[in-house]
Structure formats: C-alpha cells, structure tokens
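Visitor: Structure: structure.pdb, PDB, C-alpha atoms.
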ATOM      1  CA  MET A   4     119.780  88.504  80.305
ATOM      2  CA  THR A   5     116.023  88.235  80.830
ATOM      3  CA  ILE A   6     114.281  91.599  80.582
ATOM      4  CA  ARG A   7     113.027  92.799  83.952
ATOM      5  CA  HIS A   8     110.415  95.532  84.205
ATOM      6  CA  TYR A   9     109.530  97.561  87.309
ATOM      7  CA  LEU A  10     105.838  98.383  87.039
ATOM      8  CA  GLN A  11     104.650  97.663  90.586
ATOM      9  CA  PHE A  12     106.360  97.274  93.945
ATOM     10  CA  THR A  13     105.723  93.528  93.738
ATOM     11  CA  ASP A  14     108.010  93.213  90.690
ATOM     12  CA  CYS A  15     110.975  92.694  93.047
ATOM     13  CA  THR A  16     111.370  90.245  95.935
ATOM     14  CA  ALA A  17     112.239  91.113  99.529
ATOM     15  CA  ASP A  18     115.765  89.820  98.920
ATOM     16  CA  GLU A  19     116.105  91.986  95.821
ATOM     17  CA  TYR A  20     114.951  95.034  97.789
ATOM     18  CA  ALA A  21     117.612  94.325 100.412
ATOM     19  CA  HIS A  22     120.151  94.384  97.566
ATOM     20  CA  LEU A  23     118.666  97.559  96.040
ATOM     21  CA  PHE A  24     118.714  99.429  99.365
ATOM     22  CA  ALA A  25     122.322  98.380  99.961
ATOM     23  CA  ARG A  26     123.269  99.526  96.464
ATOM     24  CA  ALA A  27     121.386 102.814  96.930
ATOM     25  CA  ALA A  28     123.382 103.464 100.100
ATOM     26  CA  GLU A  29     126.677 102.778  98.325
ATOM     27  CA  ILE A  30     125.743 104.806  95.252
ATOM     28  CA  LYS A  31     124.677 107.681  97.506
ATOM     29  CA  ARG A  32     128.017 107.457  99.344
ATOM     30  CA  LYS A  33     129.850 107.755  96.032
ATOM     31  CA  PHE A  34     127.701 110.774  95.101
ATOM     32  CA  LYS A  35     128.375 112.514  98.414
ATOM     33  CA  THR A  36     132.132 111.965  98.158
ATOM     34  CA  TYR A  37     132.348 112.987  94.479
ATOM     35  CA  GLU A  38     133.514 109.506  93.500
ATOM     36  CA  LYS A  39     132.927 108.992  89.788
ATOM     37  CA  TYR A  40     130.820 105.919  89.038
ATOM     38  CA  HIS A  41     129.781 105.313  85.412
ATOM     39  CA  PRO A  42     128.469 101.745  85.066
ATOM     40  CA  LEU A  43     125.866 102.847  82.490
ATOM     41  CA  ALA A  44     128.244 104.600  80.094
ATOM     42  CA  ASP A  45     126.859 104.527  76.532
ATOM     43  CA  ARG A  46     123.401 103.541  77.820
ATOM     44  CA  THR A  47     120.356 105.711  77.053
ATOM     45  CA  LEU A  48     117.251 106.255  79.149
ATOM     46  CA  ALA A  49     114.040 107.364  77.418
ATOM     47  CA  MET A  50     111.714 109.310  79.727
ATOM     48  CA  ILE A  51     108.091 109.588  78.614
ATOM     49  CA  PHE A  52     105.894 112.060  80.501
ATOM     50  CA  GLU A  53     102.141 112.183  80.035
ATOM     51  CA  LYS A  54     101.924 113.635  83.575
ATOM     52  CA  ALA A  55     104.162 116.588  84.361
ATOM     53  CA  SER A  56     106.732 116.238  87.118
ATOM     54  CA  THR A  57     109.556 118.029  88.887
ATOM     55  CA  ARG A  58     111.071 115.351  91.131
ATOM     56  CA  THR A  59     110.600 112.434  88.739
ATOM     57  CA  ARG A  60     112.285 114.223  85.861
ATOM     58  CA  VAL A  61     115.168 115.656  87.862
ATOM     59  CA  SER A  62     115.832 112.458  89.815
ATOM     60  CA  PHE A  63     115.857 110.172  86.768
ATOM     61  CA  GLU A  64     117.670 112.579  84.461
ATOM     62  CA  ALA A  65     120.355 113.613  86.947
ATOM     63  CA  GLY A  66     120.674 110.021  88.116
ATOM     64  CA  MET A  67     121.235 108.632  84.635
ATOM     65  CA  TYR A  68     123.842 111.279  83.840
ATOM     66  CA  GLN A  69     125.624 110.539  87.119
ATOM     67  CA  LEU A  70     125.787 106.852  86.138
ATOM     68  CA  GLY A  71     127.477 107.865  82.876
ATOM     69  CA  GLY A  72     124.461 107.443  80.601
ATOM     70  CA  SER A  73     122.376 109.817  78.524
ATOM     71  CA  VAL A  74     118.710 110.774  78.455
ATOM     72  CA  VAL A  75     115.990 111.362  75.859
ATOM     73  CA  HIS A  76     113.066 113.365  77.270
ATOM     74  CA  LEU A  77     109.625 113.023  75.674
ATOM     75  CA  THR A  78     106.577 115.017  76.751
ATOM     76  CA  THR A  79     102.905 114.501  75.964
ATOM     77  CA  GLY A  80     103.198 116.481  72.731
ATOM     78  CA  ASP A  81     106.162 114.394  71.636
ATOM     79  CA  SER A  82     104.750 110.972  72.404
ATOM     80  CA  GLN A  83     100.971 110.804  73.092
ATOM     81  CA  LEU A  84     100.937 107.137  73.961
ATOM     82  CA  GLY A  85      98.151 105.381  72.120
ATOM     83  CA  ARG A  86      96.997 108.523  70.291
ATOM     84  CA  ALA A  87      99.631 109.465  67.727
ATOM     85  CA  GLU A  88     100.280 105.753  67.176
ATOM     86  CA  PRO A  89      99.403 102.520  68.983
ATOM     87  CA  ILE A  90     101.248 101.992  72.261
ATOM     88  CA  GLU A  91     102.567  98.702  70.913
ATOM     89  CA  ASP A  92     104.245 100.497  67.988
ATOM     90  CA  SER A  93     105.742 103.196  70.210
ATOM     91  CA  ALA A  94     107.196 100.489  72.455
ATOM     92  CA  ARG A  95     108.694  98.572  69.538
ATOM     93  CA  VAL A  96     110.369 101.695  68.115
ATOM     94  CA  ILE A  97     111.565 103.413  71.300
ATOM     95  CA  SER A  98     112.936 100.192  72.768
ATOM     96  CA  ARG A  99     115.060  99.606  69.645
ATOM     97  CA  MET A 100     116.776 102.974  70.094
ATOM     98  CA  THR A 101     117.261 103.133  73.871
ATOM     99  CA  ASP A 102     118.333 100.817  76.693
ATOM    100  CA  LEU A 103     115.763 101.706  79.329
ATOM    101  CA  VAL A 104     112.363 103.450  79.399
ATOM    102  CA  MET A 105     110.722 105.335  82.255
ATOM    103  CA  ILE A 106     107.053 106.244  81.819
ATOM    104  CA  ARG A 107     104.903 108.597  83.935
ATOM    105  CA  THR A 108     101.328 108.305  82.748
ATOM    106  CA  PHE A 109      97.700 107.895  83.784
ATOM    107  CA  GLY A 110      96.350 104.342  83.558
ATOM    108  CA  GLN A 111      98.468 101.357  84.605
ATOM    109  CA  ASP A 112      97.142  99.574  81.516
ATOM    110  CA  LYS A 113      99.234 101.867  79.290
ATOM    111  CA  ILE A 114     102.531 101.059  80.939
ATOM    112  CA  GLU A 115     101.691  97.348  81.096
ATOM    113  CA  LYS A 116     100.938  97.335  77.373
ATOM    114  CA  PHE A 117     104.136  99.262  76.577
ATOM    115  CA  ALA A 118     106.238  96.835  78.618
ATOM    116  CA  LEU A 119     104.662  93.841  76.906
ATOM    117  CA  HIS A 120     106.053  95.055  73.552
ATOM    118  CA  SER A 121     109.339  96.554  74.784
ATOM    119  CA  ARG A 122     112.742  94.991  74.146
ATOM    120  CA  VAL A 123     114.237  96.855  77.138
ATOM    121  CA  PRO A 124     113.301  97.316  80.815
ATOM    122  CA  VAL A 125     110.400  99.676  81.570
ATOM    123  CA  ILE A 126     110.095 101.587  84.863
ATOM    124  CA  ASN A 127     106.894 103.013  86.325
ATOM    125  CA  GLY A 128     107.567 106.679  87.137
ATOM    126  CA  LEU A 129     103.956 106.974  88.358
ATOM    127  CA  THR A 130     100.512 105.833  87.252
ATOM    128  CA  ASN A 131      97.052 106.410  88.705
ATOM    129  CA  GLU A 132      97.311 103.031  90.430
ATOM    130  CA  PHE A 133     100.922 102.769  91.646
ATOM    131  CA  HIS A 134     104.029 104.786  92.527
ATOM    132  CA  PRO A 135     106.691 102.155  93.324
ATOM    133  CA  CYS A 136     109.794 104.347  92.948
ATOM    134  CA  GLN A 137     108.457 106.762  95.566
ATOM    135  CA  ILE A 138     107.763 104.013  98.086
ATOM    136  CA  MET A 139     111.257 102.629  97.465
ATOM    137  CA  ALA A 140     112.642 106.056  98.338
ATOM    138  CA  ASP A 141     110.431 106.340 101.417
ATOM    139  CA  ILE A 142     111.487 102.961 102.790
ATOM    140  CA  PHE A 143     115.145 103.654 102.041
ATOM    141  CA  THR A 144     114.822 106.964 103.899
ATOM    142  CA  TYR A 145     113.257 105.202 106.875
ATOM    143  CA  ILE A 146     116.105 102.662 106.905
ATOM    144  CA  GLU A 147     118.675 105.489 106.824
ATOM    145  CA  HIS A 148     117.123 107.165 109.862
ATOM    146  CA  ARG A 149     115.718 104.297 111.925
ATOM    147  CA  GLY A 150     116.954 100.958 110.568
ATOM    148  CA  SER A 151     114.804  98.091 109.289
ATOM    149  CA  ILE A 152     111.138  98.801 108.591
ATOM    150  CA  GLN A 153     110.165  95.193 109.248
ATOM    151  CA  GLY A 154     107.633  94.969 112.075
ATOM    152  CA  LYS A 155     107.072  98.726 112.140
ATOM    153  CA  VAL A 156     103.823 100.707 111.740
ATOM    154  CA  VAL A 157     103.263 103.213 108.940
ATOM    155  CA  ALA A 158     100.256 105.538 109.247
ATOM    156  CA  TRP A 159      98.763 106.609 105.928
ATOM    157  CA  VAL A 160      96.482 109.636 106.338
ATOM    158  CA  GLY A 161      94.557 110.960 103.333
ATOM    159  CA  ASP A 162      93.534 109.696  99.924
ATOM    160  CA  GLY A 163      93.377 105.989  99.068
ATOM    161  CA  ASN A 164      95.481 106.671  95.977
ATOM    162  CA  ASN A 165      98.464 105.199  94.113
ATOM    163  CA  MET A 166     100.756 105.853  97.081
ATOM    164  CA  ALA A 167      98.418 104.074  99.477
ATOM    165  CA  ASN A 168      98.092 101.116  97.095
ATOM    166  CA  THR A 169     101.856 100.803  96.893
ATOM    167  CA  TRP A 170     102.325 101.080 100.658
ATOM    168  CA  LEU A 171      99.979  98.110 101.056
ATOM    169  CA  GLN A 172     102.021  96.092  98.560
ATOM    170  CA  ALA A 173     105.259  97.002 100.340
ATOM    171  CA  ALA A 174     103.864  96.100 103.774
ATOM    172  CA  GLU A 175     102.839  92.645 102.612
ATOM    173  CA  LEU A 176     106.180  92.018 100.908
ATOM    174  CA  LEU A 177     108.525  93.453 103.547
ATOM    175  CA  GLY A 178     106.620  92.580 106.704
ATOM    176  CA  PHE A 179     105.315  95.764 108.294
ATOM    177  CA  THR A 180     101.837  97.190 108.986
ATOM    178  CA  VAL A 181     100.015 100.139 107.438
ATOM    179  CA  HIS A 182      97.342 102.018 109.368
ATOM    180  CA  VAL A 183      95.076 103.518 106.717
ATOM    181  CA  SER A 184      92.698 106.412 107.364
ATOM    182  CA  THR A 185      90.788 107.997 104.502
ATOM    183  CA  PRO A 186      87.519 109.943 104.267
ATOM    184  CA  ARG A 187      84.431 107.940 103.362
ATOM    185  CA  GLY A 188      84.349 107.395  99.611
ATOM    186  CA  TYR A 189      88.121 107.666  99.201
ATOM    187  CA  GLU A 190      89.114 104.303 100.651
ATOM    188  CA  VAL A 191      92.015 102.168  99.445
ATOM    189  CA  ASN A 192      90.887  99.464  97.036
ATOM    190  CA  ALA A 193      92.700  96.328  98.209
ATOM    191  CA  GLU A 194      91.748  94.586  94.958
ATOM    192  CA  VAL A 195      93.573  97.240  92.898
ATOM    193  CA  ALA A 196      96.526  97.065  95.279
ATOM    194  CA  GLY A 197      96.548  93.316  94.749
ATOM    195  CA  VAL A 198      97.170  92.444  98.390
ATOM    196  CA  LYS A 199      96.151  88.954  99.464
ATOM    197  CA  GLY A 200      94.489  89.883 102.751
ATOM    198  CA  ASN A 201      94.417  92.455 105.538
ATOM    199  CA  ALA A 202      97.124  90.927 107.742
ATOM    200  CA  HIS A 203      99.427  93.862 107.011
ATOM    201  CA  TYR A 204      96.997  96.768 107.109
ATOM    202  CA  LYS A 205      94.286  98.122 109.368
ATOM    203  CA  VAL A 206      91.601 100.681 108.510
ATOM    204  CA  PHE A 207      90.750 103.565 110.842
ATOM    205  CA  SER A 208      87.895 106.047 110.479
ATOM    206  CA  ASP A 209      89.710 108.473 112.804
ATOM    207  CA  PRO A 210      93.066 109.684 111.424
ATOM    208  CA  LEU A 211      94.311 110.441 114.952
ATOM    209  CA  GLU A 212      93.834 106.792 115.914
ATOM    210  CA  ALA A 213      95.631 105.666 112.754
ATOM    211  CA  CYS A 214      98.670 107.659 113.902
ATOM    212  CA  ARG A 215      98.653 106.288 117.448
ATOM    213  CA  GLY A 216     101.849 104.321 118.040
ATOM    214  CA  ALA A 217     103.071 104.755 114.446
ATOM    215  CA  ASP A 218     106.767 104.720 113.553
ATOM    216  CA  LEU A 219     106.148 106.738 110.403
ATOM    217  CA  VAL A 220     103.309 109.114 109.478
ATOM    218  CA  THR A 221     102.894 109.935 105.812
ATOM    219  CA  THR A 222     100.423 111.619 103.496
ATOM    220  CA  ASP A 223      99.956 113.073 100.019
ATOM    221  CA  VAL A 224      98.049 115.894  98.346
ATOM    222  CA  TRP A 225      94.295 115.614  98.562
ATOM    223  CA  THR A 226      93.849 116.013  94.807
ATOM    224  CA  SER A 227      96.217 114.000  92.635
ATOM    225  CA  MET A 228      96.972 114.943  89.038
ATOM    226  CA  GLY A 229      94.050 114.008  86.814
ATOM    227  CA  TYR A 230      91.427 114.627  89.510
ATOM    228  CA  GLU A 231      91.476 118.431  89.497
ATOM    229  CA  ALA A 232      87.729 118.639  88.735
ATOM    230  CA  GLU A 233      87.091 117.104  92.167
ATOM    231  CA  ASN A 234      89.276 119.611  94.018
ATOM    232  CA  GLU A 235      86.600 121.540  95.906
ATOM    233  CA  ALA A 236      84.682 118.403  96.875
ATOM    234  CA  ARG A 237      87.895 116.816  98.080
ATOM    235  CA  LYS A 238      88.835 119.842 100.181
ATOM    236  CA  ALA A 239      85.529 119.531 102.008
ATOM    237  CA  ALA A 240      85.773 115.752 102.426
ATOM    238  CA  PHE A 241      89.397 115.774 103.619
ATOM    239  CA  ALA A 242      89.162 118.707 106.065
ATOM    240  CA  ASP A 243      89.781 116.445 109.096
ATOM    241  CA  TRP A 244      92.656 114.568 107.436
ATOM    242  CA  CYS A 245      95.309 117.251 107.792
ATOM    243  CA  VAL A 246      98.376 115.799 109.521
ATOM    244  CA  ASP A 247      98.985 118.117 112.461
ATOM    245  CA  GLU A 248     100.957 118.243 115.691
ATOM    246  CA  ALA A 249      98.214 116.364 117.582
ATOM    247  CA  MET A 250      98.554 113.406 115.216
ATOM    248  CA  MET A 251     102.346 113.390 115.493
ATOM    249  CA  ALA A 252     102.030 113.616 119.299
ATOM    250  CA  VAL A 253     100.222 110.259 119.504
ATOM    251  CA  ALA A 254     102.721 108.563 117.195
ATOM    252  CA  LYS A 255     105.913 107.178 118.730
ATOM    253  CA  PRO A 256     108.238 109.865 120.132
ATOM    254  CA  ASP A 257     110.820 109.133 117.419
ATOM    255  CA  ALA A 258     108.278 108.840 114.604
ATOM    256  CA  LEU A 259     109.176 110.333 111.252
ATOM    257  CA  PHE A 260     106.970 112.359 108.921
ATOM    258  CA  MET A 261     107.120 111.939 105.139
ATOM    259  CA  HIS A 262     105.370 113.491 102.152
ATOM    260  CA  CYS A 263     106.149 112.683  98.505
ATOM    261  CA  LEU A 264     105.695 116.363  97.513
ATOM    262  CA  PRO A 265     104.562 118.793  96.239
ATOM    263  CA  ALA A 266     102.943 119.756  99.533
ATOM    264  CA  HIS A 267     100.174 122.212 100.336
ATOM    265  CA  ARG A 268     100.766 123.523 103.851
ATOM    266  CA  GLY A 269      97.478 124.007 105.643
ATOM    267  CA  GLU A 270      95.716 121.335 103.597
ATOM    268  CA  GLU A 271      97.070 117.770 103.921
ATOM    269  CA  VAL A 272      99.756 118.805 106.447
ATOM    270  CA  THR A 273     100.453 121.771 108.676
ATOM    271  CA  ALA A 274     103.583 123.864 108.261
ATOM    272  CA  GLU A 275     104.575 122.966 111.826
ATOM    273  CA  VAL A 276     104.753 119.268 110.900
ATOM    274  CA  ILE A 277     106.331 119.338 107.442
ATOM    275  CA  ASP A 278     108.900 121.942 108.526
ATOM    276  CA  GLY A 279     109.340 120.418 111.979
ATOM    277  CA  ALA A 280     112.053 118.271 113.552
ATOM    278  CA  GLN A 281     110.374 114.936 112.730
ATOM    279  CA  SER A 282     110.044 115.694 109.019
ATOM    280  CA  VAL A 283     112.492 114.026 106.636
ATOM    281  CA  VAL A 284     110.834 115.131 103.404
ATOM    282  CA  TRP A 285     113.985 116.645 101.906
ATOM    283  CA  ASP A 286     116.030 113.488 102.488
ATOM    284  CA  GLU A 287     113.090 111.550 101.068
ATOM    285  CA  ALA A 288     113.022 113.725  97.936
ATOM    286  CA  GLU A 289     116.772 113.363  97.338
ATOM    287  CA  ASN A 290     116.611 109.626  97.886
ATOM    288  CA  ARG A 291     114.351 109.217  94.867
ATOM    289  CA  MET A 292     117.485 109.759  92.789
ATOM    290  CA  HIS A 293     119.634 107.289  94.695
ATOM    291  CA  VAL A 294     117.157 104.397  94.767
ATOM    292  CA  GLN A 295     116.357 104.944  91.097
ATOM    293  CA  LYS A 296     120.057 104.798  90.239
ATOM    294  CA  ALA A 297     120.263 101.480  92.074
ATOM    295  CA  LEU A 298     117.153 100.292  90.237
ATOM    296  CA  MET A 299     118.461 101.273  86.783
ATOM    297  CA  GLU A 300     121.779  99.579  87.532
ATOM    298  CA  PHE A 301     119.930  96.426  88.629
ATOM    299  CA  LEU A 302     117.600  96.291  85.618
ATOM    300  CA  LEU A 303     120.459  96.756  83.134
ATOM    301  CA  LEU A 304     123.369  94.962  84.813
ATOM    302  CA  GLY A 305     121.824  92.612  87.347
ATOM    303  CA  ARG A 306     123.323  92.354  90.830
ATOM    304  CA  VAL A 307     126.394  94.555  91.138
ATOM    305  CA  ASN A 308     128.559  94.542  94.247
ATOM    306  CA  ALA A 309     131.140  97.160  93.250
TER     307      ALA A 309
END
Let me see the structure of the file written as structure tokens.
Guide:
Amino acid sequence: MTIRHYLQFTDCTADEYAHLFARAAEIKRKFKTYEKYHPLADRTLAMIFEKASTRTRVSFEAGMYQLGGSVVHLTTGDSQLGRAEPIEDSARVISRMTDLVMIRTFGQDKIEKFALHSRVPVINGLTNEFHPCQIMADIFTYIEHRGSIQGKVVAWVGDGNNMANTWLQAAELLGFTVHVSTPRGYEVNAEVAGVKGNAHYKVFSDPLEACRGADLVTTDVWTSMGYEAENEARKAAFADWCVDEAMMAVAKPDALFMHCLPAHRGEEVTAEVIDGAQSVVWDEAENRMHVQKALMEFLLLGRVNA
C-alpha cells in the first residue's frame, strides 16, 4: 500500500474526512462500551517530542494501546532531530523499526524532511505552522454536538498561529467560513496556510464583530511554545482579544466555545466562558484520542468499515 503521511490538514480529501469522522464515532462508541478493538495488534508507534505535551502524548499513547499496538516514546534528549544525527538518517532508522511515527516539533520543514525519508506513515502532532490533529478533533466535536460544519461560521479570536492556519485550510476543504480577528502584527499568513483565496475567511479588526453570528467561537493561548520571550509584549497586544461573555452573546444562541488547551483563564478566555454551558473543551480534548485512532487505522490499514 502506498505510504500516506498526515502533515497538514490538506493531506486528506473531504471524502476521506467524512470516512475518518465516521470511523472516529464508531471507535469512540467501542471505547465507551468497553468493546475490545485491536486492529493494530503487533504494530508500533514511535512518538518523537521536541515540544513537550500533555494531551498529544496521552491521546496518542492511550489510543495506540487501545488499538492493540505498542508505543516507543522519544523526547528531545533521546532524539534531537537534526542535531545528534541528520534528520534523514533518523527517519531511515526509526522507520525500519516501527510502523508509524508521530512527531511534535518546531519547524514544519523538519517533519517534511523526516517524512520524505521515512518508510512508514508520519503524523504531525504539532509544528509551528500547523496542528491538523487538533482541528480534526475540533470539527469532529462540532459534528457530535451540532451536525455538519459545512456552511457554518467559525470565529477565530487571538493569535494568527498554527491553529489559525489549519482552520483556514479546513474551511477551504470542507466548505465553511472562518472569521479571523487578531491584533495588528499577529495576523494569519494566508501564504503559509496555503489557502487559494479569501472565499472561506474574513478578517475583522474587532474581535466582537468576528464573533457576531458565529456557530463556533474558538481561541488559543496568546503565547505558543517557542515564543516565550515575547510573552509580555503579547499580553499587552492581546488585551482586547479575551473571549468573554459579550463575545459569546453576539454569536448564535447555540454557538459552541472551544479551546485546544492548556488555557489561561483571564487571558485569552474568561472563566465564565470556558467553564460555561456553551463550552465543549473537555469533549474536544477527549476527541483528540478518538480522531487520532481513526487516523492511525486509516494510515496503516486504509478504509476500514468494521
């Protein structure tokens, strides 16, 4: 079978996402009813972390074990992509000993280079540019609560970061609109996102207006990992981009709130919103595991309808 990698949201088609979301729902059902499902027995996932994580590690590791496989966990000290040895050599060696590789690192160029020399599928667990597994989980969570996301409006309030880039990719591929509001100097770079035009996103200088009429309001921390030196400057720049009850009030009455976590209450979101009735952040966090199980199954076995 041809090796498939998952490095950006655009690495799957809309039809393949429909399959993945259906599989995630079925795999989640099995999990909730304690139905054993081990399609990846005797398969090994290598997880390489150059950026620390709670949710990414737990969701991939628990997910692989639940599918009957095993996991090798490598941290920065163990791997040091491109420092201890060339990335190409690491890819050639690790991919001969495992069946699947998940990498959480800084530059997208590293994961692209690793995949180019890997004999097994490579999954992007997060890079500075993209976070496709998280957006998969977010969309799956929306579908669980509200049905199809096609034609809907997602308000992105905050930094024009890897999450924002991936939301733009998803909107173009799956047919919805993103309202983007960022402080000046922290805009989304459409060229990095790779979107073909602005038909599926609109830019707002006022975050309140970005939320008006939205079906989903979502945000992220103001300072992503790797940008800690900018923390104080970002706090000042983002002061008006805290998702609060006023922003949720102008969204649709049944709008959902999401955050990929970890969250800083009182900074990018108020406690009243993230802990309120419209928040689905805990479902969203759990769903990382279920969509990633569907993704690993797909990359290793192709379309499964069991």
Visitor: Expanded to explicit residues, what is the PyMOL selection byres ((chain A and resi 237) around 12) for this file, as a PyMOL selection string?
Guide: chain A and resi 161-162+185-189+224-227+230-236+238-244+270-271
Visitor: Kindly give the distance, in Å, that separates CA of Leu176 in chain A and CA of Thr5 in chain A, rounded to a single decimal.
Guide: 22.7 Å
Visitor: Translate the PyMOL selection byres ((chain A and resi 125) around 6), as applied to the file shown, into an explicit residue set as a tab-separated table (two decimals) with C-alpha atoms, in the frame of the given file.
Guide:
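See selection37.tsv below for the written result:
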chain	number	residue	atom	x	y	z
A	8	HIS	CA	110.42	95.53	84.20
A	104	VAL	CA	112.36	103.45	79.40
A	105	MET	CA	110.72	105.34	82.26
A	118	ALA	CA	106.24	96.84	78.62
A	124	PRO	CA	113.30	97.32	80.82
A	126	ILE	CA	110.10	101.59	84.86
Visitor: Up to 10 Å from (105.3, 119.6, 111.7) in the file's coordinates: name the residues, counting all atoms listed in the file, as JSON, numbers by chain.
Guide: {"A": [246, 247, 248, 249, 250, 251, 260, 268, 272, 273, 274, 275, 276, 277, 278, 279, 280, 281, 282]}
Visitor: Go through A:Glu190, A:Glu64, A:Glu29, A:Glu132 and flag the residue nearest Gly110 in chain A, using only C-alpha atoms for the distances.
Guide: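 Smallest separation from Gly110 in chain A among the options: A:Glu132.
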Visitor: Ranking A:Ile138, A:Val123, A:Cys214, A:Val156 by minimum distance to Trp170 in chain A and counting all atoms listed in the file, which one comes first?
Guide: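 Nearest to Trp170 in chain A: A:Ile138.
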Visitor: Evaluate the PyMOL selection byres ((chain A and resi 66-82) around 8) and record the selected residues as a CSV table (one decimal) with C-alpha atoms, in the frame of the given file, following the chain and residue labels used in the document.
Guide:
chain,number,residue,atom,x,y,z
A,39,LYS,CA,132.9,109.0,89.8
A,40,TYR,CA,130.8,105.9,89.0
A,41,HIS,CA,129.8,105.3,85.4
A,42,PRO,CA,128.5,101.7,85.1
A,43,LEU,CA,125.9,102.8,82.5
A,44,ALA,CA,128.2,104.6,80.1
A,45,ASP,CA,126.9,104.5,76.5
A,46,ARG,CA,123.4,103.5,77.8
A,47,THR,CA,120.4,105.7,77.1
A,48,LEU,CA,117.3,106.3,79.1
A,49,ALA,CA,114.0,107.4,77.4
A,50,MET,CA,111.7,109.3,79.7
A,51,ILE,CA,108.1,109.6,78.6
A,52,PHE,CA,105.9,112.1,80.5
A,53,GLU,CA,102.1,112.2,80.0
A,54,LYS,CA,101.9,113.6,83.6
A,61,VAL,CA,115.2,115.7,87.9
A,62,SER,CA,115.8,112.5,89.8
A,63,PHE,CA,115.9,110.2,86.8
A,64,GLU,CA,117.7,112.6,84.5
A,65,ALA,CA,120.4,113.6,86.9
A,83,GLN,CA,101.0,110.8,73.1
A,84,LEU,CA,100.9,107.1,74.0
A,87,ALA,CA,99.6,109.5,67.7
A,292,MET,CA,117.5,109.8,92.8
A,293,HIS,CA,119.6,107.3,94.7
A,295,GLN,CA,116.4,104.9,91.1
A,296,LYS,CA,120.1,104.8,90.2
Visitor: Measure the distance from CA of Asn201 in chain A to CA of Ala174 in chain A in Å and round it to one decimal.
Guide: 10.3 Å
Visitor: Counting only C-alpha atoms, which residue out of A:Cys263, A:Ala217, A:Leu304, A:Leu298 sits closest to Thr144 in chain A?
Guide: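 Looking at the shortest contact to Thr144 in chain A, the residue is A:Cys263.
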Visitor: Using all atoms listed in the file, can you tell me which of A:Lys35, A:Arg306, A:Lys205, A:His262 comes closest to Thr222 in chain A?
Guide: A:His262
Visitor: My list of candidates is A:His267, A:Arg291, A:Lys255, A:His22. Which is closest to Gly128 in chain A when distances are computed with only C-alpha atoms?
Guide: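 Of A:His267, A:Arg291, A:Lys255, A:His22, the one nearest Gly128 in chain A, counting only C-alpha atoms, is A:Arg291.
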Visitor: Could you work out how far CA of Thr13 in chain A lies from CA of Ile106 in chain A, giving the answer in Å with one decimal?
Guide: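 So the two atoms, CA of Ile106 in chain A and CA of Thr13 in chain A, lie 17.5 Å apart.
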Visitor: Under the rule that all atoms listed in the file are counted, which of A:Ala288, A:Ala213, A:Leu129, A:Met139 is the nearest residue to Leu23 in chain A?
Guide: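 When distances to Leu23 in chain A are compared using all atoms listed in the file, the smallest one comes from A:Met139.
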Visitor: Name the residues within 10 Å of (104.8, 105.1, 93.1), counting all atoms listed in the file in the file's coordinates, and put them as a VMD selection string.
Guide: chain A and resid 10 to 12 107 127 to 140 164 to 170 263
Visitor: Hey, what's within 7 Å of Thr180 in chain A if we count only C-alpha atoms and toss same-chain stuff fewer than 6 positions away? As a list in words, please?
Guide: Gly154, Lys155, Val156, Val157, Ala174, His203 and Tyr204 of chain A
Visitor: Please, could you write that set of residues out with C-alpha atoms as a short mmCIF file (atom, residue, chain, number, x, y, z; two decimals), keeping the file's coordinate frame?
Guide:
data_model
loop_
_atom_site.label_atom_id
_atom_site.label_comp_id
_atom_site.auth_asym_id
_atom_site.auth_seq_id
_atom_site.Cartn_x
_atom_site.Cartn_y
_atom_site.Cartn_z
CA GLY A 154 107.63 94.97 112.08
CA LYS A 155 107.07 98.73 112.14
CA VAL A 156 103.82 100.71 111.74
CA VAL A 157 103.26 103.21 108.94
CA ALA A 174 103.86 96.10 103.77
CA HIS A 203 99.43 93.86 107.01
CA TYR A 204 97.00 96.77 107.11
#
